[in-house]
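Have a look at upload20.cif below; it lists mmCIF, C-alpha atoms and all ligand atoms.
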```cif
data_work
#
loop_
_atom_site.label_atom_id
_atom_site.label_comp_id
_atom_site.auth_asym_id
_atom_site.auth_seq_id
_atom_site.Cartn_x
_atom_site.Cartn_y
_atom_site.Cartn_z
CA MET Q 10 3.49 17.80 -13.78
CA PRO Q 11 7.28 18.19 -14.02
CA ASP Q 12 8.64 21.31 -15.72
CA GLN Q 13 10.66 21.20 -18.97
CA SER Q 14 14.04 20.78 -17.33
CA GLU Q 15 12.73 17.95 -15.15
CA MET Q 16 11.26 16.29 -18.26
CA LEU Q 17 14.67 16.50 -19.94
CA ARG Q 18 16.22 14.95 -16.86
CA LEU Q 19 13.72 12.06 -17.16
CA LEU Q 20 14.57 11.68 -20.84
CA THR Q 21 18.29 11.66 -20.03
CA THR Q 22 17.84 8.81 -17.56
CA MET Q 23 15.71 6.75 -19.94
CA LEU Q 24 18.21 7.25 -22.78
CA ARG Q 25 21.08 6.23 -20.51
CA ILE Q 26 19.32 2.98 -19.63
CA ARG Q 27 18.30 2.23 -23.23
CA GLY Q 28 21.67 3.21 -24.69
CA PHE Q 29 23.57 1.20 -22.09
CA GLU Q 30 21.60 -1.94 -22.88
CA HIS Q 31 21.92 -1.52 -26.64
CA ARG Q 32 25.69 -1.40 -26.25
CA LEU Q 33 25.63 -4.70 -24.42
CA GLY Q 34 24.61 -6.39 -27.68
CA LYS Q 35 28.00 -5.44 -29.09
CA TYR Q 36 29.83 -7.29 -26.33
CA TYR Q 37 27.49 -10.14 -25.51
CA ASN Q 38 28.10 -13.46 -27.17
CA TYR Q 39 24.81 -15.21 -26.52
CA SER Q 40 25.38 -18.08 -28.91
CA ALA Q 41 28.69 -18.89 -27.25
CA TYR Q 42 26.90 -18.88 -23.90
CA ALA Q 43 24.01 -21.00 -25.19
CA ASN Q 44 26.42 -23.58 -26.61
CA LEU Q 45 28.38 -23.98 -23.42
CA GLY Q 46 28.36 -27.20 -21.44
CA GLY Q 47 24.83 -28.57 -21.67
CA ARG Q 48 21.16 -27.82 -21.87
CA ARG Q 49 20.50 -26.47 -18.39
CA GLU Q 50 21.39 -22.90 -17.48
CA SER Q 51 23.25 -24.13 -14.40
CA ASP Q 52 25.44 -26.40 -16.59
CA ARG Q 53 26.28 -23.50 -18.85
CA THR Q 54 27.04 -21.25 -15.91
CA ALA Q 55 29.29 -23.91 -14.40
CA ALA Q 56 31.14 -24.24 -17.71
CA LEU Q 57 31.57 -20.49 -17.85
CA LEU Q 58 32.93 -20.34 -14.33
CA THR Q 59 35.35 -23.21 -14.75
CA SER Q 60 36.81 -22.49 -18.13
CA THR Q 61 35.70 -19.58 -20.24
CA LEU Q 62 34.68 -16.72 -17.96
CA TYR Q 63 38.22 -15.43 -17.94
CA ASP Q 64 38.42 -15.72 -21.73
CA PHE Q 65 35.18 -13.78 -22.10
CA ALA Q 66 36.32 -11.01 -19.78
CA SER Q 67 39.84 -10.76 -21.12
CA SER Q 68 38.51 -10.41 -24.67
CA GLY Q 69 36.21 -7.61 -23.51
CA MET Q 70 33.14 -9.80 -23.83
CA ILE Q 71 30.28 -10.22 -21.40
CA GLY Q 72 29.69 -13.74 -20.14
CA GLY Q 73 26.70 -15.08 -18.22
CA ALA Q 74 23.07 -14.07 -18.16
CA VAL Q 75 21.81 -10.56 -18.80
CA HIS Q 76 18.15 -9.53 -18.47
CA LEU Q 77 17.33 -6.39 -20.42
CA TYR Q 78 15.12 -3.60 -19.09
CA VAL Q 79 14.39 -2.11 -22.56
CA GLY Q 80 10.72 -1.09 -22.67
CA GLN Q 81 10.40 -0.64 -18.91
CA GLU Q 82 12.61 2.46 -18.55
CA ALA Q 83 9.78 4.76 -17.50
CA VAL Q 84 9.23 2.83 -14.26
CA ALA Q 85 12.64 3.11 -12.59
CA THR Q 86 13.08 6.58 -14.07
CA GLY Q 87 9.78 8.00 -12.82
CA VAL Q 88 10.23 6.53 -9.34
CA CYS Q 89 13.92 7.27 -8.79
CA ALA Q 90 13.54 10.88 -9.97
CA HIS Q 91 12.09 11.57 -6.50
CA LEU Q 92 14.92 9.93 -4.58
CA ARG Q 93 18.07 11.35 -3.01
CA ASP Q 94 21.41 9.60 -2.62
CA ASP Q 95 20.49 8.80 0.98
CA ASP Q 96 17.29 7.02 -0.07
CA TYR Q 97 17.69 3.34 -0.86
CA VAL Q 98 16.68 1.03 -3.68
CA THR Q 99 16.83 -2.73 -4.03
CA GLY Q 100 16.49 -4.17 -7.52
CA SER Q 101 15.77 -7.45 -9.23
CA HIS Q 102 17.62 -9.67 -11.72
CA ARG Q 103 16.49 -7.10 -14.36
CA GLY Q 104 18.41 -4.42 -12.51
CA HIS Q 105 20.44 -2.29 -14.95
CA GLY Q 106 17.64 0.28 -15.14
CA HIS Q 107 17.23 0.43 -11.36
CA PHE Q 108 20.97 1.00 -10.92
CA ILE Q 109 21.27 3.70 -13.58
CA ALA Q 110 18.08 5.50 -12.53
CA LYS Q 111 19.38 5.61 -8.95
CA GLY Q 112 22.51 7.38 -10.15
CA GLY Q 113 24.89 4.46 -10.60
CA SER Q 114 27.61 5.18 -13.17
CA LEU Q 115 27.53 3.85 -16.72
CA ARG Q 116 31.23 3.08 -16.61
CA GLY Q 117 30.87 1.17 -13.32
CA ALA Q 118 28.00 -0.87 -14.75
CA LEU Q 119 29.63 -1.69 -18.08
CA ALA Q 120 32.96 -2.62 -16.51
CA GLU Q 121 31.05 -4.79 -14.05
CA LEU Q 122 29.32 -6.72 -16.81
CA MET Q 123 32.72 -7.33 -18.39
CA GLY Q 124 34.13 -8.64 -15.10
CA ARG Q 125 36.64 -5.75 -14.85
CA SER Q 126 38.12 -4.41 -11.63
CA GLY Q 127 36.71 -0.95 -12.43
CA GLY Q 128 33.21 -2.38 -12.17
CA CYS Q 129 30.89 -1.12 -9.45
CA SER Q 130 31.26 -4.52 -7.70
CA HIS Q 131 34.96 -4.79 -8.63
CA GLY Q 132 34.09 -7.21 -11.43
CA TYR Q 133 32.92 -9.92 -9.05
CA GLY Q 134 29.17 -9.44 -9.43
CA GLY Q 135 28.17 -9.15 -13.07
CA SER Q 136 24.82 -8.14 -14.47
CA MET Q 137 22.61 -9.19 -11.55
CA HIS Q 138 24.87 -7.77 -8.83
CA LEU Q 139 25.36 -4.12 -9.59
CA PHE Q 140 25.87 -2.30 -6.29
CA ASP Q 141 26.58 1.27 -5.23
CA PRO Q 142 25.93 2.11 -1.59
CA ALA Q 143 27.13 5.72 -2.04
CA LYS Q 144 24.24 6.21 -4.47
CA GLY Q 145 21.84 4.29 -2.25
CA PHE Q 146 21.66 1.30 -4.57
CA LEU Q 147 21.75 -1.87 -2.49
CA GLY Q 148 22.04 -4.33 -5.30
CA GLY Q 149 20.22 -6.33 -7.85
CA ASN Q 150 19.27 -9.84 -6.82
CA GLY Q 151 19.18 -13.11 -8.72
CA ILE Q 152 16.73 -14.71 -6.27
CA ILE Q 153 13.23 -13.68 -7.24
CA GLY Q 154 11.64 -11.65 -4.44
CA ALA Q 155 14.70 -11.69 -2.17
CA GLN Q 156 15.31 -7.98 -2.65
CA ILE Q 157 11.90 -7.03 -1.25
CA PRO Q 158 12.44 -7.53 2.50
CA LEU Q 159 15.95 -6.06 2.17
CA ALA Q 160 14.36 -2.70 1.38
CA LEU Q 161 12.78 -2.69 4.83
CA GLY Q 162 16.15 -2.44 6.59
CA PRO Q 163 17.05 1.10 5.49
CA ALA Q 164 13.40 2.11 5.85
CA PHE Q 165 13.38 0.95 9.45
CA ALA Q 166 16.75 2.64 10.08
CA ALA Q 167 15.46 5.96 8.73
CA LYS Q 168 12.35 5.78 10.89
CA TYR Q 169 14.30 4.71 13.97
CA ARG Q 170 16.68 7.64 13.59
CA GLY Q 171 13.85 10.07 12.98
CA GLU Q 172 15.09 10.84 9.45
CA ASP Q 173 12.93 11.23 6.35
CA GLY Q 174 14.71 8.72 4.08
CA VAL Q 175 12.66 6.32 1.98
CA SER Q 176 13.32 2.94 0.50
CA VAL Q 177 12.06 1.31 -2.70
CA ALA Q 178 11.89 -2.33 -3.73
CA PHE Q 179 11.44 -3.09 -7.45
CA PHE Q 180 10.18 -6.54 -8.43
CA GLY Q 181 8.28 -8.24 -11.24
CA ASP Q 182 4.85 -9.82 -11.39
CA GLY Q 183 6.55 -13.18 -10.78
CA GLY Q 184 8.23 -11.68 -7.71
CA ALA Q 185 4.82 -10.46 -6.57
CA ASN Q 186 3.76 -14.09 -6.13
CA GLN Q 187 6.56 -14.82 -3.67
CA GLY Q 188 5.45 -15.08 -0.05
CA THR Q 189 8.26 -12.84 1.11
CA LEU Q 190 6.45 -9.82 -0.39
CA TYR Q 191 3.49 -10.33 1.95
CA GLU Q 192 5.63 -10.65 5.07
CA ALA Q 193 7.36 -7.43 4.05
CA MET Q 194 4.09 -5.61 3.28
CA ASN Q 195 2.59 -6.72 6.58
CA ILE Q 196 5.41 -5.43 8.75
CA ALA Q 197 5.92 -2.28 6.65
CA ALA Q 198 2.22 -1.39 7.02
CA LEU Q 199 2.14 -2.29 10.71
CA TRP Q 200 5.16 -0.12 11.50
CA LYS Q 201 4.34 2.54 8.89
CA LEU Q 202 7.74 2.14 7.31
CA PRO Q 203 8.71 4.56 4.51
CA VAL Q 204 8.72 1.98 1.71
CA LEU Q 205 7.50 1.85 -1.88
CA PHE Q 206 6.73 -1.60 -3.21
CA VAL Q 207 7.02 -1.16 -6.97
CA CYS Q 208 5.74 -4.09 -9.01
CA GLU Q 209 6.78 -3.91 -12.67
CA ASN Q 210 4.07 -6.01 -14.20
CA ASN Q 211 5.46 -6.85 -17.65
CA LEU Q 212 2.88 -9.67 -17.97
CA TYR Q 213 5.42 -12.50 -17.84
CA ALA Q 214 7.61 -14.31 -15.36
CA ALA Q 215 10.25 -15.61 -17.80
CA THR Q 216 7.68 -16.98 -20.30
CA THR Q 217 4.86 -17.76 -17.85
CA PRO Q 218 1.96 -15.36 -18.52
CA GLN Q 219 0.64 -13.56 -15.50
CA ARG Q 220 -2.91 -14.62 -16.40
CA ILE Q 221 -2.11 -18.27 -15.57
CA SER Q 222 -0.23 -17.49 -12.36
CA SER Q 223 -2.61 -15.01 -10.76
CA PRO Q 224 -6.41 -15.23 -10.35
CA LEU Q 225 -6.94 -11.52 -11.08
CA PRO Q 226 -5.32 -9.31 -13.72
CA ASP Q 227 -4.48 -6.51 -11.27
CA LEU Q 228 -2.04 -6.98 -8.42
CA ALA Q 229 -2.36 -3.58 -6.72
CA PRO Q 230 -5.68 -4.42 -4.95
CA ARG Q 231 -3.74 -6.95 -2.87
CA ALA Q 232 -2.33 -3.95 -0.96
CA GLU Q 233 -5.78 -3.26 0.52
CA GLY Q 234 -5.50 -6.40 2.64
CA PHE Q 235 -2.60 -4.77 4.47
CA GLY Q 236 -4.29 -1.40 4.84
CA MET Q 237 -1.94 0.33 2.46
CA PRO Q 238 -2.78 2.24 -0.72
CA GLY Q 239 -2.35 0.37 -3.98
CA ALA Q 240 -2.05 2.30 -7.22
CA ILE Q 241 -2.10 1.10 -10.82
CA VAL Q 242 -0.15 3.22 -13.26
CA ASP Q 243 0.66 3.17 -16.98
CA GLY Q 244 4.29 2.02 -16.85
CA GLN Q 245 4.96 3.29 -20.39
CA ASP Q 246 4.18 6.87 -19.40
CA VAL Q 247 7.04 8.27 -17.37
CA LEU Q 248 5.01 11.34 -16.40
CA ALA Q 249 2.24 9.15 -14.97
CA VAL Q 250 4.78 7.10 -13.03
CA TYR Q 251 6.45 10.31 -11.82
CA GLU Q 252 3.12 11.59 -10.51
CA VAL Q 253 2.10 8.43 -8.66
CA ALA Q 254 5.58 7.84 -7.26
CA GLY Q 255 5.84 11.47 -6.13
CA GLU Q 256 2.71 11.06 -4.05
CA ALA Q 257 3.94 7.77 -2.57
CA VAL Q 258 7.34 9.26 -1.70
CA ARG Q 259 5.65 12.26 -0.02
CA ARG Q 260 3.50 9.89 2.03
CA ALA Q 261 6.52 7.85 3.05
CA ARG Q 262 8.67 10.88 3.96
CA SER Q 263 5.92 12.38 6.07
CA GLY Q 264 5.48 9.23 8.16
CA ASP Q 265 2.28 7.89 6.56
CA GLY Q 266 3.84 4.57 5.63
CA PRO Q 267 4.16 2.35 2.58
CA THR Q 268 2.48 2.33 -0.84
CA PHE Q 269 2.19 -0.45 -3.39
CA ILE Q 270 2.54 0.66 -7.02
CA GLU Q 271 1.74 -1.66 -9.91
CA ALA Q 272 3.19 -0.32 -13.16
CA LYS Q 273 1.71 -2.00 -16.24
CA THR Q 274 4.64 -2.36 -18.60
CA TYR Q 275 6.36 -4.66 -21.09
CA ARG Q 276 9.88 -5.75 -21.94
CA PHE Q 277 10.77 -5.37 -25.59
CA HIS Q 278 13.26 -8.26 -25.66
CA GLY Q 279 13.32 -11.87 -24.54
CA HIS Q 280 13.55 -12.83 -20.89
CA CYS Q 281 17.31 -13.25 -20.97
CA GLY Q 282 20.16 -12.42 -23.34
CA ALA Q 283 21.15 -9.19 -25.05
CA GLU Q 284 18.64 -8.14 -27.70
CA SER Q 285 17.02 -11.59 -27.87
CA ASP Q 286 13.52 -11.71 -29.36
CA HIS Q 287 10.38 -11.68 -27.27
CA ALA Q 288 8.54 -15.00 -27.10
CA PHE Q 289 5.34 -13.28 -28.29
CA PRO Q 290 6.47 -11.06 -31.19
CA ASP Q 291 3.01 -9.82 -32.28
CA GLU Q 292 2.09 -8.71 -28.79
CA CYS Q 293 5.53 -7.17 -28.40
CA ALA Q 294 5.12 -5.19 -31.63
CA GLU Q 295 1.91 -3.70 -30.24
CA TRP Q 296 3.58 -2.63 -27.02
CA ARG Q 297 6.46 -1.13 -28.97
CA GLN Q 298 3.94 1.34 -30.35
CA ARG Q 299 3.96 2.78 -26.86
CA ASP Q 300 7.70 3.08 -26.41
CA PRO Q 301 8.19 5.11 -23.22
CA ILE Q 302 11.04 7.12 -24.72
CA GLU Q 303 9.11 8.04 -27.86
CA LEU Q 304 6.06 9.01 -25.78
CA LEU Q 305 8.14 11.48 -23.79
CA LYS Q 306 10.07 12.77 -26.80
CA ALA Q 307 6.77 13.73 -28.44
CA LYS Q 308 6.20 16.21 -25.61
CA LEU Q 309 9.59 17.93 -26.01
CA GLU Q 310 11.32 20.24 -28.47
CA PRO Q 311 13.27 18.23 -31.11
CA ALA Q 312 16.38 20.40 -30.59
CA ASP Q 313 16.38 19.62 -26.86
CA VAL Q 314 15.93 15.92 -27.57
CA ALA Q 315 18.84 15.94 -30.04
CA ARG Q 316 21.08 17.68 -27.50
CA VAL Q 317 20.29 15.14 -24.79
CA GLU Q 318 20.80 12.24 -27.21
CA ALA Q 319 24.22 13.55 -28.19
CA GLN Q 320 25.22 14.07 -24.58
CA VAL Q 321 24.16 10.55 -23.57
CA GLY Q 322 25.99 9.13 -26.60
CA GLU Q 323 29.19 10.77 -25.39
CA GLU Q 324 28.69 9.43 -21.87
CA LEU Q 325 28.29 5.94 -23.29
CA ASP Q 326 31.42 6.26 -25.45
CA GLU Q 327 33.35 7.32 -22.37
CA ALA Q 328 31.93 4.40 -20.33
CA GLU Q 329 32.82 1.94 -23.05
CA ALA Q 330 36.40 3.23 -23.34
CA PHE Q 331 36.75 3.00 -19.56
CA ALA Q 332 35.32 -0.54 -19.34
CA VAL Q 333 37.43 -2.11 -22.07
CA SER Q 334 40.62 -0.58 -20.70
CA SER Q 335 39.89 -1.49 -17.08
CA PRO Q 336 42.08 -4.42 -15.95
CA LEU Q 337 40.77 -7.78 -14.82
CA PRO Q 338 40.84 -8.34 -11.06
CA GLU Q 339 44.13 -9.73 -9.73
CA ALA Q 340 44.09 -13.48 -9.09
CA ASN Q 341 45.35 -12.96 -5.53
CA GLU Q 342 42.21 -10.91 -4.79
CA VAL Q 343 39.95 -13.88 -5.29
CA GLU Q 344 38.89 -14.13 -1.63
CA ARG Q 345 38.71 -10.40 -0.97
CA PHE Q 346 34.95 -10.16 -1.35
CA ALA Q 347 34.09 -13.73 -0.32
CA PHE Q 348 31.99 -14.08 2.82
C1 LIG Q 401 13.39 -17.97 -6.10
C2 LIG Q 401 13.63 -18.07 -7.59
N1 LIG Q 401 12.83 -18.88 -8.32
C3 LIG Q 401 13.02 -18.99 -9.66
C4 LIG Q 401 14.04 -18.29 -10.27
C5 LIG Q 401 14.25 -18.40 -11.79
N2 LIG Q 401 13.78 -17.17 -12.44
C6 LIG Q 401 14.65 -16.23 -12.87
S1 LIG Q 401 13.88 -14.92 -13.56
C7 LIG Q 401 12.37 -15.59 -13.30
C8 LIG Q 401 11.11 -14.86 -13.71
C9 LIG Q 401 10.85 -13.64 -12.88
O1 LIG Q 401 9.71 -12.99 -13.34
P1 LIG Q 401 9.30 -11.58 -12.79
O2 LIG Q 401 9.48 -11.51 -11.31
O3 LIG Q 401 7.94 -11.29 -13.31
O4 LIG Q 401 10.35 -10.59 -13.41
P2 LIG Q 401 10.63 -10.26 -14.94
O5 LIG Q 401 11.63 -11.29 -15.42
O6 LIG Q 401 9.33 -10.32 -15.64
O7 LIG Q 401 11.22 -8.90 -14.92
C10 LIG Q 401 12.47 -16.82 -12.67
C11 LIG Q 401 11.31 -17.68 -12.32
C12 LIG Q 401 14.87 -17.47 -9.47
N3 LIG Q 401 15.86 -16.77 -10.00
N4 LIG Q 401 14.62 -17.36 -8.14
#
```
Could I get this file's structure written as structure tokens?
Amino acid sequence: MPDQSEMLRLLTTMLRIRGFEHRLGKYYNYSAYANLGGRRESDRTAALLTSTLYDFASSGMIGGAVHLYVGQEAVATGVCAHLRDDDYVTGSHRGHGHFIAKGGSLRGALAELMGRSGGCSHGYGGSMHLFDPAKGFLGGNGIIGAQIPLALGPAFAAKYRGEDGVSVAFFGDGGANQGTLYEAMNIAALWKLPVLFVCENNLYAATTPQRISSPLPDLAPRAEGFGMPGAIVDGQDVLAVYEVAGEAVRRARSGDGPTFIEAKTYRFHGHCGAESDHAFPDECAEWRQRDPIELLKAKLEPADVARVEAQVGEELDEAEAFAVSSPLPEANEVERFAF
């Protein structure tokens, strides 16, 4: 059980993630995006890239897709609380929470979503490509499941060098059905790599319910087939996640190999778009009763909570001022990060 100051640190992280994503609503013009250039997402993205992306960015707006993490904050927060800057995380398309929990800056993330040069990826990446190697965050990823094997690289490097670094891959229940997870679990278990496979089971892959894409409701038992422990945890309870992740990180650091964690959780907004509505509003309302931030707040002194809320509010104001005043990248830099 974490002590009071650790619990306040967990609250701070969750409020940063939640507050960051709420501010996106102010700058995200979803209807403009939805009306762009055709019915298919790829048509709209093409239209954005060819004509209006610059207009969005130069007006301080956020263009393109954003996938909110609101509701799932306890997962990244509880796991990353055990990690150092020299531990590594790879995230998914829903990666703002992974980035912030791993210590990425609010200003770097907000400027990135606005396409500004002060962004953590110099404004070239956007929502799904936050990146901060100094903080051990090796990127979000728009290809479902692609981030999972990437987490094995730093894990192998740590083991090879005889260091005690660990590596974490976050992915959704949809990502858990990608074959690449099983190749990664197999080799990680065989070589006892210091990896945590963290499945954030929010019950849906876009709008496909997990119950029609998987024969069993629980995904963690799949780990048994690779001889690695699989744990199911309440993903709304940051203290429960903290406990389970702490044990998995200890195992990994001491050379006992990987763990698979399935966190049962829920996103409080639609699959994509700032503050869009969930496709199943009644079910969503029920899950909102177990808001991870409110559950933790109930265990803390109100005065402490108010202090942390005020402090995070100031951090967000500062990030916002930084992002809107950060210049757009120079046109002659266009090939600088191309490879
Ligand atoms: C390989 C691949 N297939 C399909 C898509 C389209 N896609 C984007 S998000 C998504 C759903 C992912 O669901 P899940 O992994 O459960 O994550 P969640 O959105 O629930 O966080 C899909 C299918 C993609 N980006 N990459």
Given the point (39.3, 1.1, -15.2) in the file's coordinates, find the residues that have an atom at most 8 Å from it, counting all atoms listed in the file, and give them as a list in words. Ala120, Arg125, Ser126, Gly127, Gly128, Phe331, Ala332, Val333, Ser334, Ser335 and Pro336 of chain Q
Go through chain Q residue by residue and, counting all atoms listed in the file, keep those with an atom at most 10 Å from ligand LIG 401 (chain Q); for each kept residue give the shortest atom pair and its distance in Å to one decimal, ordered by chain and increasing number, as a tab-separated table.
```
residue	atom	partner	partner_atom	distance
Q:His76	CA	Q:LIG401	O5	7.4
Q:Leu77	CA	Q:LIG401	O7	8.6
Q:Tyr78	CA	Q:LIG401	O7	7.8
Q:Gln81	CA	Q:LIG401	O7	9.2
Q:Ser101	CA	Q:LIG401	O7	7.4
Q:His102	CA	Q:LIG401	S1	6.7
Q:Arg103	CA	Q:LIG401	O7	5.6
Q:Gly104	CA	Q:LIG401	O7	8.8
Q:Asn150	CA	Q:LIG401	N3	8.4
Q:Gly151	CA	Q:LIG401	N3	5.1
Q:Ile152	CA	Q:LIG401	N4	3.9
Q:Ile153	CA	Q:LIG401	N4	4.0
Q:Gly154	CA	Q:LIG401	C1	6.8
Q:Ala155	CA	Q:LIG401	C1	7.5
Q:Phe179	CA	Q:LIG401	O7	9.5
Q:Phe180	CA	Q:LIG401	O2	5.8
Q:Gly181	CA	Q:LIG401	O2	3.5
Q:Asp182	CA	Q:LIG401	O3	3.9
Q:Gly183	CA	Q:LIG401	O2	3.4
Q:Gly184	CA	Q:LIG401	O2	3.8
Q:Ala185	CA	Q:LIG401	O2	6.7
Q:Asn186	CA	Q:LIG401	O2	8.1
Q:Gln187	CA	Q:LIG401	C1	7.9
Q:Cys208	CA	Q:LIG401	O2	8.6
Q:Glu209	CA	Q:LIG401	O7	7.0
Q:Asn210	CA	Q:LIG401	O3	6.6
Q:Asn211	CA	Q:LIG401	O6	5.6
Q:Leu212	CA	Q:LIG401	O6	6.9
Q:Tyr213	CA	Q:LIG401	O6	5.0
Q:Ala214	CA	Q:LIG401	O1	3.2
Q:Ala215	CA	Q:LIG401	C8	4.2
Q:Thr216	CA	Q:LIG401	C8	7.7
Q:Thr217	CA	Q:LIG401	C8	8.0
Q:Pro218	CA	Q:LIG401	O3	8.9
Q:Gln219	CA	Q:LIG401	O3	8.0
Q:Thr274	CA	Q:LIG401	O6	9.7
Q:Tyr275	CA	Q:LIG401	O6	8.4
Q:Arg276	CA	Q:LIG401	O6	7.8
Q:Gly279	CA	Q:LIG401	O5	9.3
Q:His280	CA	Q:LIG401	O5	6.0
Q:Cys281	CA	Q:LIG401	O5	8.2
```
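Going from CA of Leu225 in chain Q to CA of Gly239 in chain Q covers 14.6 Å.
Counting all atoms listed in the file, the residue from Q:Gly171, Q:Gly69, Q:Gly148, Q:Gly264 that sits nearest to Phe108 in chain Q is Q:Gly148.
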Once you count only C-alpha atoms, what closest atom pair and distance in Å to one decimal does each residue of range 154-176 of chain Q within 8 Å of range 196-203 of chain Q have, with rows by chain and rising residue number, as CSV?
```
residue,atom,partner,partner_atom,distance
Q:Leu161,CA,Q:Ala197,CA,7.1
Q:Ala164,CA,Q:Pro203,CA,5.5
Q:Phe165,CA,Q:Leu202,CA,6.1
Q:Lys168,CA,Q:Leu202,CA,6.9
Q:Gly174,CA,Q:Pro203,CA,7.3
Q:Val175,CA,Q:Pro203,CA,5.0
Q:Ser176,CA,Q:Pro203,CA,6.3
```
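Distances to Glu30 in chain Q were evaluated for Q:Phe235, Q:Trp296, Q:Phe277, Q:Phe348 using all atoms listed in the file, and the minimum falls at Q:Phe277.
One distance worth recording is that between CA of Phe289 in chain Q and CA of Ala272 in chain Q, which is 20.0 Å.
Between Ser285 in chain Q and the candidates Q:Cys129, Q:Met16, Q:Leu304, Q:Val75, the tightest atom-to-atom separation, counting all atoms listed in the file, involves Q:Val75.
Comparing the minimum interatomic distances between Glu82 in chain Q and each of Q:Ala249, Q:Met23, Q:Cys293, Q:Ile109, counting all atoms listed in the file, we find that Q:Met23 sits nearest.
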If I only want range 322-338 of chain Q, can you write it with N, CA and C atoms, as a short mmCIF file (atom, residue, chain, number, x, y, z; two decimals), in the first residue's frame?
```cif
data_model
loop_
_atom_site.label_atom_id
_atom_site.label_comp_id
_atom_site.auth_asym_id
_atom_site.auth_seq_id
_atom_site.Cartn_x
_atom_site.Cartn_y
_atom_site.Cartn_z
N GLY Q 322 -3.72 22.51 -12.30
CA GLY Q 322 -4.36 23.55 -13.12
C GLY Q 322 -3.34 24.57 -13.60
N GLU Q 323 -2.44 24.95 -12.71
CA GLU Q 323 -1.39 25.91 -13.10
C GLU Q 323 -0.46 25.31 -14.14
N GLU Q 324 -0.10 24.05 -13.95
CA GLU Q 324 0.78 23.39 -14.93
C GLU Q 324 0.12 23.38 -16.31
N LEU Q 325 -1.18 23.14 -16.31
CA LEU Q 325 -1.89 23.08 -17.60
C LEU Q 325 -1.97 24.47 -18.24
N ASP Q 326 -2.19 25.49 -17.42
CA ASP Q 326 -2.21 26.87 -17.96
C ASP Q 326 -0.88 27.19 -18.61
N GLU Q 327 0.19 26.81 -17.92
CA GLU Q 327 1.53 27.09 -18.42
C GLU Q 327 1.76 26.33 -19.74
N ALA Q 328 1.33 25.07 -19.79
CA ALA Q 328 1.51 24.25 -21.00
C ALA Q 328 0.74 24.86 -22.17
N GLU Q 329 -0.45 25.33 -21.88
CA GLU Q 329 -1.30 25.90 -22.92
C GLU Q 329 -0.66 27.18 -23.48
N ALA Q 330 -0.17 28.04 -22.57
CA ALA Q 330 0.47 29.28 -23.01
C ALA Q 330 1.69 28.97 -23.87
N PHE Q 331 2.45 27.96 -23.45
CA PHE Q 331 3.63 27.56 -24.21
C PHE Q 331 3.22 27.07 -25.61
N ALA Q 332 2.23 26.17 -25.65
CA ALA Q 332 1.86 25.53 -26.92
C ALA Q 332 1.36 26.56 -27.93
N VAL Q 333 0.47 27.45 -27.50
CA VAL Q 333 -0.09 28.39 -28.49
C VAL Q 333 0.94 29.41 -28.96
N SER Q 334 1.98 29.65 -28.15
CA SER Q 334 2.97 30.63 -28.59
C SER Q 334 4.17 29.98 -29.28
N SER Q 335 4.18 28.65 -29.31
CA SER Q 335 5.29 27.96 -29.98
C SER Q 335 5.11 28.08 -31.50
N PRO Q 336 6.18 28.40 -32.23
CA PRO Q 336 6.03 28.58 -33.68
C PRO Q 336 5.77 27.27 -34.42
N LEU Q 337 5.25 27.40 -35.62
CA LEU Q 337 5.12 26.23 -36.49
C LEU Q 337 6.52 25.84 -36.97
N PRO Q 338 6.71 24.58 -37.34
CA PRO Q 338 8.02 24.21 -37.89
C PRO Q 338 8.31 25.01 -39.16
#
```
